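Notes to accompany the following structure.
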Amino acid sequence: MREQMACVQSLIQGLIEECQERAAYQEQQKPTCNQLACQDEAMCSFLTSVIERMASYMELNKELSELIAGQYWELCKDRQLEFKRVSAVKQCCWGIACDHQVYAFVFSSDVPIRYQEETYENQRWNPVGGFCEKLMPSDRWQWSDVSGLKHQQLDSFTLPSPHWEWESDWYVDENIGGEPTEKGGWTYAIDFPATYAKDKKWNSCVRRRRWIRYRRYKSRDTWAKITSHDDPKQLPDPFNDISIGGWEITDEPVGRLSVWAVSLQGRVWYREDVCHHNPEGSSWSFIATPGEAVQISCGPYDLLWATLWEGQAIVREGIDRNNPQGVSWTLVEPPSSENGILHVSVGVNVVWAVTKDRKVWFRRGVNSHNPCGTSWIEMVGEMMMVNVGLNDQVWGIGSEDRAVYFRQGVTPSELSGKTWKAIVSARDSDRSQTGSSTSLLSAGCFFSDDVREQMNLIAQSDTDTSSDTESLQVHPDLADMPLLGAPASVNGNNVGSQPAEASANVAVAPQDSAPEEASPASGSGEKAGAEKSESPADQDPHPAELQWTNIDLKEAHKKPPFSTSPFPETPIQSSLGMFSVGDEEHYGADEHPLWAWVSGGGCLVDSHSSLKWFTLQSGLLCSVQSLSLSISPAQTAAWRKQIFQQLSERTKRELENFRHYEQAIEQSVWVKTGTLQWWRSWKPHKWTDVRVALEQFTGNDGMRDSILFIYYLHHEEKKYIHVFLNEVTILVEVLNDAKHSFALYTPEKTKQRWPIRLAAATEQEMHDWLALLSMSCCESRRIQGPPSHQAIWSVTCKGDVFVSEPGPELEAAPHLMPCDQMFWRQIGGHLRLIECNSHGIVWGIGYDHTAWVYTGGYGGGFIQGLASSADNIYMQSDVKCVYIYENQRWNPVTGYSSRGLPTDRYMWSDASGLQECTKVNTKPPSPQWSWVSDWYIDFNISGGTDREGWQYAADFPASYHGHKTMKDFVRRRRWARKCKIITNGPWLEVPPITLWDITIIPSSAADQEELIALWAVSDKGDVLCRLGVTQQNPAGTSWLHVGTDQPFMSVSIGAFHQVWAVARDGSTFYRGSVSPKKPAGDCWYHIPSPPKQKLKQVSVGRTSVLAVDKNGNLWYRQGITPSYPQGSQWDHVSNNIRKVSVGPLDQVWVIADKVQGSHSLSCGTVCHRTGVQPLEPKGISWDYGIGGGWEHITVRGNATEAPKAALHETSEEHSAKSAHLEDGENGGKGNHSKTTLMVNEGQELDRNTVNC
């Protein structure tokens, strides 16, 4: 695909350059009448060459666009295999071949699947020979596991299957608890087992060291046969059906899946230990059932249904993270006694079924608390089978035409959807029939009618030899029919799988060819069904359940009517029958494949997205879209700039003729008024109704300025406050679950840590005011267009993205521009962190760990119209978790209960215990969010949990641990619920790997084609290096995995390719030999952490390295030189630091907590370290900027150097600042921007301020 993309780009670039040269030549020449004929002939020959090149571009780009959009079914690589069942999820697909054997297809990824094998070498000291291999009889084995109970020699480790390979030989791990050990990796203790330390003492009688070896899974993008090492007498019978799910049950181990299968003898089997590090699993376990099973379906969570030979369904209960196999079965009767259940498919909260008469049924009332549901609802249409995919989207195979159908209209509020629609998509063999004539036909849409007619004649002459005259009309339109990453398989043919990066939709198809037949559901049939169906509200005994409106369903009756099909006369023509097929297929030209099975478990379809799977698009639209996708944003920006420059020059020329006219109007005034609520600034603080007016006036010079008036009543006296918008530094939404509120900051309000807070009645009204005020602020400061490459980016704790344009005075001493005077404007989107560099490369990571790349636009979100760019704005979604805590106290009578002491925290509270948070009253973070899951116990919490999720402690609050002791009198457990936001902004998703941290090299100068170093850490802890990142292609091409011995959490690359990283255990590493020619380096060097501290984040500039530990301390790495880049020691700089960002000039910016203002204390404040110079790399003092409520900042794009004259500072100024700093630390009162971040720990935060 990369070669095809490069070829397309070269064709387009050559065509553009040739057109530009032709236009420039004609501009220079002044043709005479005698030359016109020659020019016409030359133009005709030029157009002919353009058409030919455009045709080749169309042919190549069509194939490329089909690959990108998933517009056809692709056969798998293992053509010798024939399949009858497949089940797909995002990362893999399992199937049953016609030999009844199970195969697994693991999709390729830039991150390898690695498993760490480990064993321990144990030794004991004796007076004769010192430490030796001779142990006491009561000791553990010389080679053992970590517990010492299992004997594990180095040569006893073997590969579990032929699909694995060893990555390296055995080597010693020289790390313990984040600290490097002595050479040899030995750790010492008094006896086995005990606490081990890296230092040898006089009483160290035993020692051990850990040996590590990695194995890698090599069978990716191919069908791997699942081998079994079980007892031959207990091996399962040949399999008949298989289903994968359970990936949402738990996050430990990473990527755990539940694989269920049914044998030909009707027995149910469960595959043990299937996870990311073990994609094959280990063994099959037999699960007893009340009858002989036929088919089984497993959902993402704890929902599992199976069908029996007798026609009933059975539901598995008791499935949880500790018992993924469940406890017992519950029997569910079919919708009618005459026709039992033939097929069933489950999702998160839905169950669909097909009975023996091919009727489709929907199960009402299914949820995690009631997996059996309450009643059946009949749906219009007849299907062979149905399958529930991600987001509870439904796929099916028609019973008559055997086409693949998709259920439209499935949303969280309407789980049954509205109608069935056939998916229009060809197979890869069909694409081979498209010739150059069809590409010429598409290319002709760009030219005149005469040229188009000539091309049509050429196309018709090419198609005269074809036996199918309809194929020419269809083929040019195939490129606009996406089927998101859809692999396909044919029963009696192949299982095709397009190894899509993030999705997999699998279909199994036909036995024999057949002409087009009637479809199970047509548009008229849907309508008739809706009219004929009885209202479920009349018969449903549970009126509080989901209301069924505007959908094709029927209430299940105890005695169904005699007819087998309520709508037999409503067929539709299947669009699949129009596709021609390849010579290697046995289907006729007017026939389509008969699909037998489909699995959409890996195909993510958002309920808000518009799909193009169901209609044929025009060739012109396809060509235009393909062409627009091939033009880079840089070229578009250049065209815009040229057009804007020409228009500006034209305006100046026209205005020259009217200079002598006087101004008819001196200035214009425009006013907008409204009613809002204001959080008043005197006690008691509360929301007060106010009237606001925005007055905007334009002066003689064309400059616009605005004033915001807020009118309120105080003791029945009318008063007002006013704000000049050219003094406003930021407008930001406030995280409030009850109010649509936003805050307005000025430099004075920033010093006070007390912004002006306003609230609107509706979300739309708030966004209207925010957009208007933001546009007025930008106009008053003459700021427009996208951010510059030097911009400073930041993210609030709410996820909003802000950008500020720095000037040379921001870093110029001695007259620095204060941080509180920086103007911040919002950019659409929702992110958790963001990183940039001075080339305009900007990447971000969402709360769901999705990676996004900046497209060069501006605006988005609530910023629309003139304040937003017309293109480069795309849809963006993000998912985050809301947490609450269940607290209990122990008493001698009842044990742990929800009855606490009067002084205890709320029994349902937030993390601090000060605010009551129950499942009922806890809402999403703001009205823009919506719930996408139910409440569930979160086991992934610091300190660990027991099997039920509880953490124990001696009292509230205290240090919690995951096991109960005699001294533990309180316990808590965390509940989580996922919510989702949908917005838009100048961001494009970079699939498929989810990331935790990212860094971009902060270099100051580079060519547009020069590769830019970009490193990242995945959410699983893998270190990655992005290849192919340039200014023209900021998204890069692929990931290169950098091997590590443990999971990492932070990484940063400096201006000279020095890479530092922090592991999850708090240890620090330096990557050696990283260079443009060797982007991944060669090895990791362990750097000792600060004494008794564990680091959590690191940032590297030009020569400086700063890090933040888990206690909020900021550290500077001393002694870094070109010859010794690891440095010598850590020096403490400050405390109460949340995040740090070091720029390309070694400037230091942080997000700080507990910053004191004149009115309140704030958390999450942007701070700038002043006085940073080569002789003073740690700086002198802090300058406080916007806050609180900020989560992340990056200044790695700000390479704007201050004038050299401003950098000179006398020794007297240094000594004065140092004396002032000492006064501030000793309690002296001075300017708030010159004090340290140390504040009184006992002082409480003002809860009225805008904090996280």
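In the structure tokens, chains take the letters A, B, ... in the order shown, each chain's residues start at 1, and ligands count up from 1 in the order shown.
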
Contacts of Leu816 of chain A at 10 Å (only C-alpha atoms; same-chain gap of 5+ positions) as JSON, numbers by chain | {"A": [808, 809, 810, 811, 1170, 1171, 1183, 1206]}

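Comparing the minimum interatomic distances between Gly844 of chain A and each of A:His1192, A:Lys1078, A:His963, A:His1057, counting only C-alpha atoms, we find that A:His1192 sits nearest.
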
Would you work out the distance separating atom CA of Val1195 of chain A from atom CA of Val795 of chain A, expressed in Å to one decimal?
->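 If I compute the distance from atom CA of Val1195 of chain A to atom CA of Val795 of chain A, I get 12.2 Å.
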
Neighbours of Gly1072 of chain A within 6 Å (only C-alpha atoms; same-chain residues fewer than 3 positions away dropped), as a list in words?
-> Gly1081, Asp1082 and Cys1083 of chain A
